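Undergrad: This structure is in structure tokens; I'll ask about it shortly.
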Amino acid sequence: MSEWLVLLLAMGGACLVVVVITVAKERRVSDDYDPSETPDVIEYMTMMVGVVYAIVLGLAIAGVWESRGAAQDGVRTEAQALHEVSLRADAYPAQGRERIRRDVAAYVDHVVNVEWRVMLDEGELTERGDELLARVRRDVSELRGEGAEAALAYPGLLDQVAAADDARGARRESAGPTMPSVVWFGLVLGAVLAVGLIFTLQIRRSPRELMLSGLFSMLIAFLLFLVWDFDAPFGRDMADAVGPFTDLFPGARGD
């Protein structure tokens, strides 16, 4: 399901619920009911709940955004390090150079076409990816003594393989959702409370009040959608997520 469709359904559903409850509640109100009799303490509680929930929601959005930024930086680091390995392999003899580039391409192709989907669905990496990266490291190590130029290039190549391995480890740690379930429970409960307090202010069926209450509920739904969307550190659109790999290795195709 498209992210935009999820957003529209969430916002439309929240607005519809508020409007339906308001209209149904209004029909049950007696003619002598005075909405101006709302106690001052209710208005104070509504304000305080709104402020506290806004702070918590803002911290949640900032947290998942920071996690996503760190995860995507790690992907760029991994892809750039492997690209450097392919470029610096020029210092090795032709046979070794082609072997390194072939194994790097095999690793990138596996990450883009197989491992990424497993990572998004199951929150973990594949053993095959570990094996392919270990093969690249072995290629670099086995050819270190073949000529003076290769010996000079070896430390830099090994550093780039280590950087890719380190970035892969960071990707493994960031593969799952960022927000714990208990935090999600608090965010959803707070949203229900914040929207529910609208009805304690005795809103009526006037177009202005219905519009404002509907827009407020849509705003809450939109902010929760942002948390949900950013809670996937590597995004929910696979084509954008693997961009650093496909940009540097055009031969790797993303499904």
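Residues in the structure tokens are numbered from 1 in each chain, the chains being A, B, ... in the order shown, and ligands are numbered from 1 in the order shown.
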Do you know which residues are at most 6 Å from Ala221 in chain A counting only C-alpha atoms, after dropping those on the same chain fewer than 3 positions away, and could you put them as an mmCIF file with N, CA, C and O atoms, in the first residue's frame?

TA:
data_model
loop_
_atom_site.group_PDB
_atom_site.id
_atom_site.type_symbol
_atom_site.label_atom_id
_atom_site.label_comp_id
_atom_site.auth_asym_id
_atom_site.auth_seq_id
_atom_site.Cartn_x
_atom_site.Cartn_y
_atom_site.Cartn_z
ATOM 1 N N ALA A 10 -5.567 7.557 7.030
ATOM 2 C CA ALA A 10 -5.441 7.876 8.454
ATOM 3 C C ALA A 10 -6.065 9.238 8.756
ATOM 4 O O ALA A 10 -6.844 9.386 9.718
ATOM 5 N N MET A 11 -5.750 10.240 7.954
ATOM 6 C CA MET A 11 -6.279 11.582 8.190
ATOM 7 C C MET A 11 -7.785 11.631 7.952
ATOM 8 O O MET A 11 -8.533 12.222 8.740
ATOM 9 N N MET A 218 -7.054 15.569 12.073
ATOM 10 C CA MET A 218 -6.218 15.253 10.912
ATOM 11 C C MET A 218 -4.759 15.584 11.178
ATOM 12 O O MET A 218 -3.858 14.856 10.745
ATOM 13 N N LEU A 224 1.319 11.388 13.689
ATOM 14 C CA LEU A 224 1.543 9.970 13.976
ATOM 15 C C LEU A 224 2.035 9.236 12.733
ATOM 16 O O LEU A 224 2.870 8.325 12.827
#

Undergrad: Let's see if you can do this: from backbone DSSP, list all alpha helix (DSSP H) residues in range 10-188 of chain A, as a VMD selection string.

TA: chain A and resid 10 to 27 40 to 88 94 to 110 116 to 122 127 to 142 148 to 173 181 to 188

Undergrad: Considering only C-alpha atoms, can you say which of A:Ala194, A:Met179, A:Met238, A:Leu133 comes closest to Trp65 in chain A?

TA: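 For Trp65 in chain A, the nearest of the given residues is A:Met179.
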
Undergrad: What is the distance between CA of Thr178 in chain A and CA of Gly58 in chain A, in Å to one decimal?

TA: 15.1 Å

Undergrad: Could you check which of A:Met47, A:Val114, A:Val136, A:Ala79 is closest to Arg102 in chain A, using only C-alpha atoms?

TA: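 Closest to Arg102 in chain A, using only C-alpha atoms: A:Val136.
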
Undergrad: Which one of A:Gly63, A:Gln72, A:Gly214, A:Val49 sits closest to Ala167 in chain A if you count only C-alpha atoms?

TA: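 When distances to Ala167 in chain A are compared using only C-alpha atoms, the smallest one comes from A:Gln72.
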
Undergrad: Between A:Leu248, A:Val188, A:Val108, A:Ile220, which has the minimum distance to Cys15 in chain A (counting only C-alpha atoms)?

TA: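 Looking at the shortest contact to Cys15 in chain A, the residue is A:Ile220.
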
Undergrad: Which residues, written as an NGL selection string, have at least one atom at most 12 Å from Gly123 in chain A, with only C-alpha atoms counted and residues fewer than 3 positions away on the same chain left out?

TA: :A and (115-120 or 126 or 171-178 or 232-234)

Undergrad: Tell me which protein, DNA and RNA residues are within 9 Å of range 80-85 of chain A, counting only C-alpha atoms, leaving out same-chain ones fewer than 5 positions away, and put them as a ChimeraX atom specification.

TA: /A:75,100-101,104-105,108,140,156-164,244-245,248-249

Undergrad: Could you check the closest approach to Val227 in chain A for each of A:Tyr53, A:Ala62, A:Arg135, A:Met45 and tell me which residue wins, using only C-alpha atoms?

TA: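 For Val227 in chain A, the nearest of the given residues is A:Ala62.
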